[in-house]
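**Student:** File start08.cif below, mmCIF, C-alpha atoms:
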data_work
#
loop_
_atom_site.label_atom_id
_atom_site.label_comp_id
_atom_site.auth_asym_id
_atom_site.auth_seq_id
_atom_site.Cartn_x
_atom_site.Cartn_y
_atom_site.Cartn_z
CA MET A 1 21.24 -26.57 -102.73
CA THR A 2 24.00 -26.78 -100.22
CA LYS A 3 25.17 -23.31 -101.14
CA LYS A 4 21.66 -21.86 -100.68
CA VAL A 5 21.31 -23.38 -97.18
CA ILE A 6 24.67 -22.00 -96.11
CA CYS A 7 23.76 -18.55 -97.39
CA SER A 8 20.42 -18.61 -95.54
CA ALA A 9 22.07 -19.58 -92.20
CA SER A 10 24.67 -16.85 -92.65
CA ALA A 11 21.94 -14.30 -93.23
CA LYS A 12 20.08 -15.24 -90.05
CA LEU A 13 23.32 -15.06 -88.00
CA TRP A 14 24.05 -11.63 -89.41
CA ILE A 15 20.60 -10.37 -88.56
CA ALA A 16 20.93 -11.59 -84.96
CA ILE A 17 24.34 -9.99 -84.54
CA HIS A 18 23.03 -6.76 -86.00
CA SER A 19 20.08 -6.69 -83.59
CA ILE A 20 22.29 -7.25 -80.54
CA SER A 21 24.74 -4.59 -81.60
CA THR A 22 21.91 -2.17 -82.25
CA GLY A 23 20.50 -2.72 -78.69
CA ILE A 24 23.91 -2.27 -77.14
CA GLY A 25 24.37 0.90 -79.08
CA ILE A 26 21.08 2.29 -77.89
CA MET A 27 21.97 1.51 -74.29
CA LEU A 28 25.36 3.16 -74.68
CA LEU A 29 23.77 6.23 -76.21
CA ALA A 30 21.27 6.41 -73.33
CA SER A 31 24.03 6.09 -70.74
CA CYS A 32 26.10 8.72 -72.42
CA SER A 33 23.16 11.16 -72.54
CA GLY A 34 22.80 11.00 -68.66
CA GLN A 35 19.00 10.43 -68.70
CA PRO A 36 17.76 7.26 -66.92
CA PRO A 37 15.04 5.31 -68.54
CA GLU A 38 11.58 6.35 -67.52
CA LEU A 39 9.98 4.09 -64.84
CA PRO A 40 6.27 3.90 -64.01
CA ALA A 41 5.24 6.24 -61.12
CA PRO A 42 4.54 4.41 -57.81
CA PRO A 43 0.93 4.46 -56.58
CA ILE A 44 -0.09 7.09 -54.02
CA PRO A 45 -0.10 5.44 -50.57
CA GLU A 46 -3.36 5.14 -48.70
CA VAL A 47 -3.44 6.14 -45.01
CA GLU A 48 -6.19 6.19 -42.43
CA VAL A 49 -6.99 9.50 -40.77
CA ILE A 50 -9.37 10.90 -38.21
CA THR A 51 -10.76 14.41 -38.12
CA VAL A 52 -9.97 16.30 -34.93
CA LYS A 53 -13.01 17.49 -32.99
CA THR A 54 -13.66 18.90 -29.55
CA GLN A 55 -16.01 17.48 -26.94
CA MET A 56 -17.09 17.88 -23.32
CA ILE A 57 -15.61 15.13 -21.18
CA PRO A 58 -15.44 14.41 -17.44
CA ASP A 59 -12.08 15.23 -15.89
CA GLU A 60 -11.48 12.81 -13.01
CA PRO A 61 -8.04 12.99 -11.36
CA GLU A 62 -6.95 10.12 -9.12
CA PHE A 63 -5.12 10.27 -5.80
CA ILE A 64 -3.86 7.84 -3.19
CA GLY A 65 -5.90 7.87 0.02
CA GLN A 66 -5.92 6.19 3.40
CA THR A 67 -9.02 5.14 5.29
CA GLU A 68 -9.80 6.32 8.80
CA SER A 69 -12.63 5.55 11.19
CA PHE A 70 -15.31 8.19 11.55
CA ARG A 71 -14.82 8.52 15.32
CA PRO A 72 -11.94 6.78 17.11
CA VAL A 73 -13.23 7.16 20.69
CA GLU A 74 -10.68 6.63 23.46
CA ILE A 75 -11.96 4.91 26.60
CA ARG A 76 -10.35 6.24 29.79
CA ALA A 77 -11.30 5.86 33.44
CA GLN A 78 -12.79 8.82 35.31
CA VAL A 79 -11.62 7.41 38.67
CA SER A 80 -8.51 5.63 39.90
CA GLY A 81 -8.81 2.10 41.17
CA ILE A 82 -8.43 -1.62 40.57
CA ILE A 83 -10.15 -3.27 37.60
CA LYS A 84 -12.51 -5.91 38.94
CA LYS A 85 -14.04 -7.13 35.68
CA VAL A 86 -13.89 -6.73 31.88
CA PHE A 87 -17.35 -7.21 30.34
CA PHE A 88 -16.72 -7.02 26.57
CA THR A 89 -15.10 -9.33 24.01
CA GLU A 90 -12.25 -7.69 22.17
CA GLY A 91 -12.70 -6.96 18.48
CA ARG A 92 -16.51 -7.16 18.59
CA ASN A 93 -19.22 -4.61 17.96
CA VAL A 94 -20.63 -2.80 20.98
CA LYS A 95 -23.69 -0.60 21.39
CA LYS A 96 -23.89 2.73 23.15
CA GLY A 97 -24.35 2.15 26.87
CA ASP A 98 -22.86 -1.37 26.94
CA GLN A 99 -20.81 -2.09 30.08
CA LEU A 100 -17.08 -2.36 29.41
CA TYR A 101 -15.16 -2.30 32.73
CA LEU A 102 -15.90 -2.47 36.46
CA ILE A 103 -13.56 -0.68 38.85
CA ASP A 104 -13.69 -1.83 42.49
CA PRO A 105 -16.66 0.22 43.82
CA VAL A 106 -16.22 -0.46 47.58
CA PRO A 107 -14.15 2.64 48.50
CA PHE A 108 -16.30 4.89 46.35
CA LYS A 109 -19.49 3.53 47.90
CA ALA A 110 -18.10 4.28 51.36
CA ILE A 111 -17.25 7.84 50.36
CA TYR A 112 -20.73 8.28 48.94
CA GLN A 113 -22.40 7.06 52.12
CA SER A 114 -20.14 9.28 54.23
CA SER A 115 -20.99 12.28 52.05
CA LYS A 116 -24.69 11.64 52.53
CA ALA A 117 -24.17 11.54 56.29
CA MET A 118 -22.33 14.85 56.14
CA VAL A 119 -25.34 16.34 54.40
CA GLU A 120 -27.62 15.24 57.21
CA GLN A 121 -25.21 16.67 59.75
CA ALA A 122 -25.10 19.98 57.88
CA LYS A 123 -28.91 20.08 57.76
CA ALA A 124 -29.09 19.58 61.54
CA ARG A 125 -26.58 22.36 62.12
CA LEU A 126 -28.53 24.70 59.88
CA THR A 127 -31.76 23.91 61.69
CA GLN A 128 -30.11 24.64 65.05
CA ALA A 129 -28.67 27.91 63.74
CA LYS A 130 -32.04 29.07 62.46
CA GLN A 131 -33.69 28.25 65.82
CA ASP A 132 -31.01 30.18 67.72
CA LEU A 133 -31.52 33.19 65.50
CA ALA A 134 -35.27 33.02 65.99
CA ARG A 135 -34.84 33.06 69.80
CA VAL A 136 -32.32 35.89 69.85
CA LYS A 137 -34.16 38.40 67.66
CA PRO A 138 -37.08 39.04 70.08
CA LEU A 139 -34.65 39.43 72.96
CA LEU A 140 -32.85 42.18 71.08
CA GLN A 141 -36.05 44.25 70.99
CA GLN A 142 -36.37 43.77 74.75
CA GLN A 143 -32.67 44.70 75.10
CA ALA A 144 -32.13 41.37 76.85
CA VAL A 145 -29.21 40.57 74.52
CA SER A 146 -26.71 42.67 72.67
CA ARG A 147 -26.60 43.35 68.96
CA LYS A 148 -23.50 41.17 68.73
CA ASN A 149 -25.44 38.14 69.87
CA VAL A 150 -27.90 38.62 67.00
CA ASP A 151 -25.09 39.11 64.48
CA ASP A 152 -23.39 35.95 65.68
CA ALA A 153 -26.62 34.00 65.28
CA GLN A 154 -27.11 35.31 61.74
CA ALA A 155 -23.51 34.43 60.85
CA GLU A 156 -24.03 30.93 62.16
CA VAL A 157 -27.08 30.51 59.89
CA LEU A 158 -25.04 31.61 56.87
CA SER A 159 -22.16 29.32 57.82
CA ALA A 160 -24.48 26.35 58.29
CA THR A 161 -26.12 27.06 54.94
CA ALA A 162 -22.73 27.10 53.19
CA ALA A 163 -21.71 23.91 54.95
CA LEU A 164 -24.88 22.21 53.75
CA GLU A 165 -24.24 23.27 50.15
CA ALA A 166 -20.67 21.96 50.36
CA ALA A 167 -21.88 18.66 51.77
CA GLN A 168 -24.46 18.34 49.02
CA ASN A 169 -21.79 19.01 46.37
CA ASN A 170 -19.62 16.35 47.95
CA VAL A 171 -22.50 13.92 47.57
CA ILE A 172 -22.76 14.80 43.88
CA LYS A 173 -19.02 14.21 43.40
CA ALA A 174 -19.14 10.95 45.38
CA LYS A 175 -22.13 9.76 43.35
CA PHE A 176 -20.33 10.67 40.13
CA ASP A 177 -17.25 8.69 41.16
CA LEU A 178 -19.37 5.71 42.23
CA ASP A 179 -21.27 5.71 38.96
CA ASN A 180 -18.01 5.86 37.00
CA THR A 181 -16.75 2.65 38.52
CA ILE A 182 -18.88 1.15 35.74
CA ILE A 183 -17.33 2.25 32.42
CA THR A 184 -19.81 2.12 29.54
CA ALA A 185 -19.50 2.59 25.77
CA PRO A 186 -20.21 6.23 24.84
CA VAL A 187 -20.82 5.39 21.15
CA LYS A 188 -21.77 2.51 18.89
CA GLY A 189 -18.86 0.88 17.09
CA ARG A 190 -16.22 -1.85 17.10
CA ILE A 191 -14.06 -2.10 20.20
CA GLY A 192 -10.37 -2.86 19.98
CA ARG A 193 -7.99 -4.73 22.21
CA SER A 194 -8.03 -3.98 25.94
CA HIS A 195 -4.76 -2.57 27.27
CA PHE A 196 -5.52 -3.63 30.87
CA TYR A 197 -7.29 -6.54 32.51
CA GLU A 198 -8.56 -7.61 35.96
CA GLY A 199 -6.36 -6.72 38.91
CA ARG A 200 -4.56 -3.79 37.28
CA LEU A 201 -4.41 -0.41 38.99
CA ILE A 202 -5.43 2.39 36.63
CA SER A 203 -5.21 6.15 37.01
CA ALA A 204 -8.05 8.55 36.38
CA GLN A 205 -7.99 10.57 33.13
CA THR A 206 -4.57 9.32 32.00
CA THR A 207 -4.83 5.55 31.50
CA LEU A 208 -6.02 4.54 28.02
CA LEU A 209 -8.06 1.36 28.39
CA THR A 210 -9.15 0.72 24.79
CA VAL A 211 -10.53 2.44 21.67
CA ILE A 212 -13.94 2.17 20.00
CA ASP A 213 -13.96 2.87 16.24
CA GLN A 214 -17.14 4.07 14.60
CA LEU A 215 -17.08 2.44 11.15
CA ASP A 216 -20.23 3.93 9.67
CA PRO A 217 -19.53 6.25 7.95
CA MET A 218 -15.82 6.10 7.14
CA TYR A 219 -13.27 8.77 6.25
CA VAL A 220 -10.70 8.61 3.44
CA ASN A 221 -7.89 11.16 3.58
CA VAL A 222 -6.14 12.17 0.34
CA ASN A 223 -3.05 14.33 -0.17
CA VAL A 224 -3.23 16.62 -3.21
CA PRO A 225 0.12 17.92 -4.57
CA GLU A 226 0.62 21.68 -4.76
CA SER A 227 1.58 21.41 -8.45
CA TYR A 228 -1.83 19.90 -9.22
CA LEU A 229 -3.62 22.68 -7.34
CA LEU A 230 -1.75 25.37 -9.29
CA ARG A 231 -2.39 23.70 -12.64
CA ARG A 232 -6.05 23.21 -11.83
CA ARG A 233 -6.37 26.89 -10.90
CA ARG A 234 -4.92 27.92 -14.27
CA GLU A 235 -7.28 25.58 -16.09
CA ILE A 236 -10.32 26.95 -14.26
CA ALA A 237 -9.19 30.54 -14.88
CA GLY A 238 -8.75 29.74 -18.59
CA GLN A 239 -12.23 28.12 -18.66
CA LYS A 240 -10.76 24.80 -19.70
CA ILE A 241 -12.20 23.14 -16.61
CA GLN A 242 -15.61 23.56 -15.01
CA ARG A 243 -16.46 22.36 -11.53
CA PRO A 244 -19.23 22.70 -8.92
CA ASP A 245 -18.69 23.91 -5.37
CA ILE A 246 -15.70 22.09 -3.92
CA PHE A 247 -17.82 20.33 -1.28
CA GLN A 248 -20.04 18.87 -3.99
CA LEU A 249 -17.16 16.85 -5.44
CA ARG A 250 -17.64 13.09 -5.20
CA GLY A 251 -15.15 10.29 -4.87
CA ALA A 252 -15.04 6.75 -6.28
CA MET A 253 -12.87 4.35 -4.29
CA THR A 254 -10.79 1.47 -5.67
CA PHE A 255 -9.13 -1.07 -3.38
CA SER A 256 -5.62 -2.46 -3.80
CA ASP A 257 -6.94 -5.57 -5.58
CA GLY A 258 -8.70 -3.46 -8.22
CA SER A 259 -12.23 -3.92 -6.87
CA ILE A 260 -14.42 -0.81 -6.79
CA TYR A 261 -16.40 0.16 -3.72
CA PRO A 262 -20.13 0.29 -4.58
CA HIS A 263 -20.84 3.59 -2.77
CA GLU A 264 -19.59 7.08 -3.64
CA GLY A 265 -18.12 9.45 -1.08
CA VAL A 266 -18.46 13.22 -0.71
CA LEU A 267 -15.68 15.70 0.00
CA ASP A 268 -16.49 17.19 3.41
CA PHE A 269 -13.19 18.77 4.47
CA ALA A 270 -10.21 20.53 2.86
CA ASP A 271 -7.29 21.64 4.99
CA VAL A 272 -6.50 25.34 5.33
CA ALA A 273 -2.73 25.04 4.81
CA ILE A 274 -0.30 23.06 2.69
CA ARG A 275 1.93 20.75 4.67
CA PRO A 276 5.51 21.99 4.20
CA GLU A 277 7.08 18.58 4.78
CA THR A 278 5.16 16.99 1.89
CA GLY A 279 4.01 19.94 -0.23
CA THR A 280 0.45 18.62 -0.27
CA LEU A 281 -3.00 19.76 0.81
CA GLN A 282 -5.11 17.21 2.66
CA GLY A 283 -8.72 16.59 1.74
CA ARG A 284 -11.20 14.19 3.30
CA PHE A 285 -14.05 12.18 1.77
CA THR A 286 -16.89 10.64 3.75
CA PHE A 287 -18.08 7.22 2.55
CA PRO A 288 -21.12 5.32 3.83
CA ASN A 289 -20.25 1.93 5.29
CA PRO A 290 -23.43 0.08 6.26
CA GLU A 291 -21.44 -3.16 6.53
CA GLY A 292 -19.44 -1.60 9.37
CA ASN A 293 -22.30 -2.42 11.73
CA LEU A 294 -22.17 -6.11 10.83
CA SER A 295 -19.99 -8.73 12.47
CA PRO A 296 -16.22 -8.49 11.98
CA GLY A 297 -15.07 -9.87 8.64
CA GLN A 298 -18.12 -8.61 6.74
CA SER A 299 -16.98 -5.02 6.20
CA TYR A 300 -15.71 -3.76 2.86
CA PHE A 301 -12.88 -1.78 4.36
CA TYR A 302 -11.10 -1.09 7.62
CA PRO A 303 -9.27 1.93 9.06
CA GLY A 304 -5.71 2.24 7.79
CA GLN A 305 -6.15 0.81 4.26
CA PHE A 306 -4.51 2.46 1.25
CA VAL A 307 -6.95 3.04 -1.61
CA LYS A 308 -7.30 5.08 -4.80
CA ILE A 309 -9.80 7.92 -4.95
CA ARG A 310 -11.07 9.13 -8.33
CA VAL A 311 -12.50 12.62 -7.91
CA LYS A 312 -15.75 13.15 -9.85
CA GLY A 313 -17.41 16.46 -10.64
CA TYR A 314 -14.91 18.25 -12.89
CA THR A 315 -15.68 18.60 -16.62
CA ARG A 316 -13.26 19.61 -19.38
CA ALA A 317 -14.65 21.80 -22.17
CA ASN A 318 -13.36 21.69 -25.78
CA ALA A 319 -11.26 18.61 -25.10
CA ILE A 320 -9.40 16.93 -27.98
CA LEU A 321 -9.02 13.15 -27.88
CA ILE A 322 -7.12 11.12 -30.48
CA PRO A 323 -6.30 7.38 -30.52
CA GLN A 324 -3.08 6.38 -28.79
CA ARG A 325 -1.85 4.70 -31.98
CA ALA A 326 -1.79 8.11 -33.70
CA VAL A 327 0.79 9.56 -31.29
CA GLN A 328 4.43 8.90 -32.18
CA GLN A 329 7.53 9.44 -30.08
CA GLY A 330 10.68 11.14 -31.32
CA PRO A 331 13.85 12.75 -29.95
CA MET A 332 11.96 16.01 -29.36
CA GLY A 333 8.92 14.39 -27.74
CA SER A 334 5.45 13.41 -28.92
CA PHE A 335 4.25 14.21 -32.44
CA VAL A 336 1.57 13.22 -34.96
CA PHE A 337 1.35 13.16 -38.76
CA VAL A 338 -1.13 15.72 -40.08
CA VAL A 339 -2.57 15.51 -43.61
CA ASP A 340 -3.02 19.04 -44.99
CA GLN A 341 -5.43 20.32 -47.65
CA GLU A 342 -2.99 19.37 -50.41
CA GLU A 343 -3.09 15.75 -49.19
CA LYS A 344 0.51 15.92 -48.01
CA VAL A 345 1.83 14.50 -44.73
CA ASN A 346 3.64 16.75 -42.24
CA PRO A 347 4.79 15.95 -38.68
CA ARG A 348 3.35 18.12 -35.89
CA PRO A 349 4.67 18.30 -32.29
CA ILE A 350 1.94 17.99 -29.66
CA THR A 351 1.48 17.99 -25.89
CA ALA A 352 -0.37 14.88 -24.69
CA SER A 353 -1.25 15.07 -20.99
CA GLN A 354 -3.02 11.85 -20.00
CA TRP A 355 -4.63 8.64 -21.18
CA ARG A 356 -8.38 8.27 -21.31
CA GLY A 357 -9.17 4.67 -22.20
CA THR A 358 -7.57 4.10 -25.63
CA ASP A 359 -7.15 7.82 -26.37
CA TRP A 360 -4.67 10.56 -25.57
CA LEU A 361 -5.91 13.88 -24.22
CA ILE A 362 -4.16 16.57 -26.31
CA GLU A 363 -3.38 19.86 -24.57
CA GLU A 364 -1.58 21.68 -27.40
CA GLY A 365 -0.68 21.19 -31.06
CA LEU A 366 -3.98 20.36 -32.78
CA GLN A 367 -7.02 22.34 -33.91
CA PRO A 368 -10.57 21.15 -34.67
CA GLY A 369 -11.04 20.07 -38.28
CA GLU A 370 -7.46 18.91 -38.87
CA ARG A 371 -6.81 15.36 -40.07
CA VAL A 372 -4.43 13.11 -38.16
CA MET A 373 -2.98 9.82 -39.40
CA THR A 374 -3.79 6.68 -37.42
CA GLU A 375 -2.51 3.95 -39.80
CA GLY A 376 0.05 3.61 -42.62
CA PHE A 377 3.07 5.28 -41.05
CA PHE A 378 5.57 2.92 -42.75
CA ARG A 379 4.30 3.99 -46.20
CA VAL A 380 4.98 7.72 -45.91
CA LEU A 381 7.71 10.29 -45.42
CA PRO A 382 7.31 13.98 -44.50
CA GLY A 383 6.00 15.95 -47.47
CA VAL A 384 4.75 12.90 -49.39
CA GLN A 385 1.34 13.07 -51.01
CA VAL A 386 -1.11 10.48 -49.74
CA LYS A 387 -4.65 9.32 -50.25
CA ALA A 388 -6.49 9.83 -46.94
CA ILE A 389 -9.39 7.58 -46.00
CA ALA A 390 -11.48 7.82 -42.86
CA ALA A 391 -10.36 5.45 -40.11
CA GLN A 392 -12.80 2.82 -38.96
CA ASP A 393 -13.99 2.80 -35.35
CA LYS A 394 -12.01 -0.03 -33.75
CA THR A 395 -13.78 -0.06 -30.41
CA THR A 396 -15.41 -3.38 -29.63
CA PRO A 397 -19.14 -2.99 -28.98
CA VAL A 398 -20.48 -4.51 -25.79
CA ALA A 399 -22.59 -7.53 -26.65
CA ALA A 400 -26.08 -7.60 -25.21
CA PRO A 401 -26.75 -10.57 -22.96
CA SER A 402 -28.51 -13.42 -24.73
CA SER A 403 -31.89 -14.71 -23.69
CA ASP A 404 -30.26 -17.91 -22.39
CA THR A 405 -27.94 -15.90 -20.17
CA MET A 406 -30.81 -13.85 -18.86
CA GLU A 407 -32.80 -16.94 -18.09
CA SER A 408 -29.90 -18.58 -16.27
CA LYS A 409 -29.49 -15.50 -14.09
CA LYS A 410 -33.10 -15.70 -13.13
#
Output the file's structure as structure tokens, nothing else.

**Tutor:**
Amino acid sequence: MTKKVICSASAKLWIAIHSISTGIGIMLLASCSGQPPELPAPPIPEVEVITVKTQMIPDEPEFIGQTESFRPVEIRAQVSGIIKKVFFTEGRNVKKGDQLYLIDPVPFKAIYQSSKAMVEQAKARLTQAKQDLARVKPLLQQQAVSRKNVDDAQAEVLSATAALEAAQNNVIKAKFDLDNTIITAPVKGRIGRSHFYEGRLISAQTTLLTVIDQLDPMYVNVNVPESYLLRRRREIAGQKIQRPDIFQLRGAMTFSDGSIYPHEGVLDFADVAIRPETGTLQGRFTFPNPEGNLSPGQSYFYPGQFVKIRVKGYTRANAILIPQRAVQQGPMGSFVFVVDQEEKVNPRPITASQWRGTDWLIEEGLQPGERVMTEGFFRVLPGVQVKAIAAQDKTTPVAAPSSDTMESKK
């Protein structure tokens, strides 16, 4: 029995050793043959793609602008004199015809009265000259006086007539000066700070007293670079861009804090020459400003503010938009991964010009109908076959207001 057990254990040990040696031999033979063992093929990676399509989109460039009052009216004196009184409160709204300044009227009133007296004197002289001429003419027919006497009488009538006209003109000038001792507002607007006060001597025509700004409507001046104008001309010539008449373009204004002005402006002026010092062409938009007629502090904007103007009216035909996540950056610039008809991935250089929301506007590099990868970039290499699936729309829909919200707003 003992011998049989020993023989059985020896047989099992031999079988195990034989199996191990056989496996090692197979592995050695495989390594010597140079052929690796066959491994299971990896699964084809799935990637999300979108199909390129063209569409008509608004093209709305944005520029920096500066606000300007519609009419900055300078208030200057028409006569020289001493300021006797200032009627207005600085920084407030004034109406057309409101009294602003009073210049000492005493000397002007005296000149006016003197001019009126000169008119009466000239009238008396003219009357006397006409009477003298009437007396002399009959005497000439009777040869009681010479022809020279008649000519002198006629000359005196003409001289008296001219003197009367001059005196009457002096009255007009004196009345004009007297009336202008009261300086009134020529327009409706907001008056600024007075540069002179009571007791100051001011000179006619030259002394600037204050400025009235008309705030309704308001101007916004924008400077458009020459490079933009040239590019836009090429786009219009190539029928990539469509636009109405230039003076039908509208403007949307955004303030420095990001708030948007509720009214749109209209382009009403474009300069005739490019400024050589800046290389820009100036345009001007007119914006309504009904709040400009309210009390100070209630206006949306003031002259001198810097704002952004988004120009509306241009449309871009056959535009290609792709999600920003689809555009990659490399040493040679922007590129995308395109899935061809054989379901293989290939990189494609593109020209992306500007952002539009979450999309890039593509100028060159893509054609309608092509498929562009949007997800799965880490799973692929150029030339690898993939399984393309349509990308899901990842835009968040705007939720409609609930009935509770609507009720609370009421």

**Student:** Just how far from atom CA of Gln78 of chain A is atom CA of Asn180 of chain A, in Å to one decimal?

**Tutor:**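 So the two atoms, atom CA of Asn180 of chain A and atom CA of Gln78 of chain A, lie 6.2 Å apart.
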
**Student:** Between atom CA of Leu321 of chain A and atom CA of Ile260 of chain A, what distance in Å does the model show, to one decimal?

**Tutor:** 25.9 Å

**Student:** Would you list the contacts of segment 374-382 of chain A as a ChimeraX atom specification, taking every protein, DNA or RNA residue within 12 Å and counting all atoms listed in the file, but skipping same-chain residues closer than 6 positions in sequence?

**Tutor:** /A:42-52,322-328,336-340,343-348,359,388-394

**Student:** Which one of A:Ile103, A:Ala352, A:Leu126, A:Met218 sits closest to Thr184 of chain A if you count all atoms listed in the file?

**Tutor:**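 Between A:Ile103, A:Ala352, A:Leu126, A:Met218, the residue approaching Thr184 of chain A most closely is A:Ile103.
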
**Student:** Just how far from atom CA of Arg232 of chain A is atom CA of Gln282 of chain A, in Å to one decimal?

**Tutor:** 15.7 Å

**Student:** Applying 7 Å and only C-alpha atoms, which residues near Leu249 of chain A remain after dropping the ones on its own chain fewer than 6 positions away? List them as number ranges by chain.

**Tutor:** A: 266-267, 311-313

**Student:** Give me, as a CSV table (one decimal) with C-alpha atoms, keeping the file's coordinate frame, all polymer residues having an atom no more than 10 Å from Asp151 of chain A, counting all atoms listed in the file and skipping those fewer than 5 positions away in the same chain.

**Tutor:**
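Everything below was put into part_21.csv:
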chain,number,residue,atom,x,y,z
A,133,LEU,CA,-31.5,33.2,65.5
A,136,VAL,CA,-32.3,35.9,69.8
A,137,LYS,CA,-34.2,38.4,67.7
A,146,SER,CA,-26.7,42.7,72.7
A,156,GLU,CA,-24.0,30.9,62.2
A,157,VAL,CA,-27.1,30.5,59.9

**Student:** Ranking A:Ala204, A:Ser227, A:Ala155, A:Ile64 by minimum distance to Ala77 of chain A and counting only C-alpha atoms, which one comes first?

**Tutor:**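 Using only C-alpha atoms, the shortest distance to Ala77 of chain A belongs to A:Ala204.
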
**Student:** Spell out the residues picked by the PyMOL selection byres ((chain A and resi 160) around 12) here, as JSON, numbers by chain.

**Tutor:** {"A": [118, 119, 120, 121, 122, 123, 124, 125, 126, 127, 128, 129, 130, 153, 154, 155, 156, 157, 158, 159, 161, 162, 163, 164, 165, 166, 167]}

**Student:** Return the padded bounding box of segment 297-306 of chain A as AutoDock Vina command-line options: axis-aligned, built from all atoms listed in the file, 4 Å added on each side, with centre and edge lengths in Å to one decimal.

**Tutor:**
--center_x -11.3 --center_y -3.7 --center_z 5.2 --size_x 21.6 --size_y 20.3 --size_z 15.8

**Student:** Skipping near chain neighbours, those fewer than 6 positions away, what residues fall within 8 Å of Tyr197 of chain A using only C-alpha atoms, listed as a PyMOL selection string?

**Tutor:** chain A and resi 83+85-86

**Student:** Any chance you could tabulate, as a tab-separated table, the residues of segment 165-252 of chain A at most 10 Å from segment 289-293 of chain A with each one's nearest atom pair and distance in Å to one decimal, using all atoms listed in the file, in chain and rising number order?

**Tutor:**
residue	atom	partner	partner_atom	distance
A:Lys188	CA	A:Asn293	CA	8.7
A:Gly189	CA	A:Asn293	CA	7.2
A:Arg190	CA	A:Asn293	CA	8.1
A:Asp213	CA	A:Gly292	CA	9.9
A:Gln214	CA	A:Gly292	CA	8.0
A:Leu215	CA	A:Gly292	CA	5.0
A:Asp216	CA	A:Asn289	CA	4.8
A:Pro217	CA	A:Asn289	CA	5.1
A:Met218	CA	A:Asn289	CA	6.4
A:Tyr219	CA	A:Asn289	CA	9.8

**Student:** What does the PyMOL selection byres ((chain A and resi 173-178) around 7) select in this file, as an MDAnalysis selection string?

**Tutor:** chainID A and resid 79 105 108:109 111:112 169:172 179:181

**Student:** Written as an mmCIF file with C-alpha atoms, keeping the file's coordinate frame, what is the full residue list that the PyMOL selection byres ((chain A and resi 240) around 10) yields on the file shown?

**Tutor:**
data_model
loop_
_atom_site.group_PDB
_atom_site.id
_atom_site.type_symbol
_atom_site.label_atom_id
_atom_site.label_comp_id
_atom_site.auth_asym_id
_atom_site.auth_seq_id
_atom_site.Cartn_x
_atom_site.Cartn_y
_atom_site.Cartn_z
ATOM 1 C CA ARG A 232 -6.050 23.210 -11.830
ATOM 2 C CA ARG A 234 -4.920 27.920 -14.270
ATOM 3 C CA GLU A 235 -7.280 25.580 -16.090
ATOM 4 C CA ILE A 236 -10.320 26.950 -14.260
ATOM 5 C CA ALA A 237 -9.190 30.540 -14.880
ATOM 6 C CA GLY A 238 -8.750 29.740 -18.590
ATOM 7 C CA GLN A 239 -12.230 28.120 -18.660
ATOM 8 C CA ILE A 241 -12.200 23.140 -16.610
ATOM 9 C CA GLN A 242 -15.610 23.560 -15.010
ATOM 10 C CA THR A 315 -15.680 18.600 -16.620
ATOM 11 C CA ARG A 316 -13.260 19.610 -19.380
ATOM 12 C CA ALA A 317 -14.650 21.800 -22.170
ATOM 13 C CA ASN A 318 -13.360 21.690 -25.780
ATOM 14 C CA ALA A 319 -11.260 18.610 -25.100
#

**Student:** Counting only C-alpha atoms, which of A:Thr280, A:Thr351, A:Ser203, A:Thr286 gets nearest to Arg71 of chain A?

**Tutor:**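 Among the listed residues, the smallest separation from Arg71 of chain A belongs to A:Thr286.
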
**Student:** Can you take the partial segment 311-319 of chain A, add N, CA and C atoms, and return it as a short mmCIF file (atom, residue, chain, number, x, y, z; two decimals), in the frame of the given file?

**Tutor:**
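To be explicit, this is the file written out as out-v2.cif:
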data_model
loop_
_atom_site.label_atom_id
_atom_site.label_comp_id
_atom_site.auth_asym_id
_atom_site.auth_seq_id
_atom_site.Cartn_x
_atom_site.Cartn_y
_atom_site.Cartn_z
N VAL A 311 -11.67 11.47 -8.24
CA VAL A 311 -12.50 12.62 -7.91
C VAL A 311 -13.43 12.90 -9.09
N LYS A 312 -14.74 12.95 -8.82
CA LYS A 312 -15.75 13.15 -9.85
C LYS A 312 -16.44 14.49 -9.63
N GLY A 313 -16.74 15.17 -10.72
CA GLY A 313 -17.41 16.46 -10.64
C GLY A 313 -16.83 17.49 -11.58
N TYR A 314 -15.53 17.35 -11.93
CA TYR A 314 -14.91 18.25 -12.89
C TYR A 314 -15.29 17.85 -14.31
N THR A 315 -15.46 18.85 -15.20
CA THR A 315 -15.68 18.60 -16.62
C THR A 315 -14.71 19.46 -17.42
N ARG A 316 -14.21 18.90 -18.52
CA ARG A 316 -13.26 19.61 -19.38
C ARG A 316 -13.97 19.99 -20.67
N ALA A 317 -14.00 21.30 -20.96
CA ALA A 317 -14.65 21.80 -22.17
C ALA A 317 -13.65 21.83 -23.32
N ASN A 318 -14.17 21.62 -24.56
CA ASN A 318 -13.36 21.69 -25.78
C ASN A 318 -12.14 20.77 -25.71
N ALA A 319 -12.35 19.57 -25.20
CA ALA A 319 -11.26 18.61 -25.10
C ALA A 319 -11.04 17.92 -26.44
#
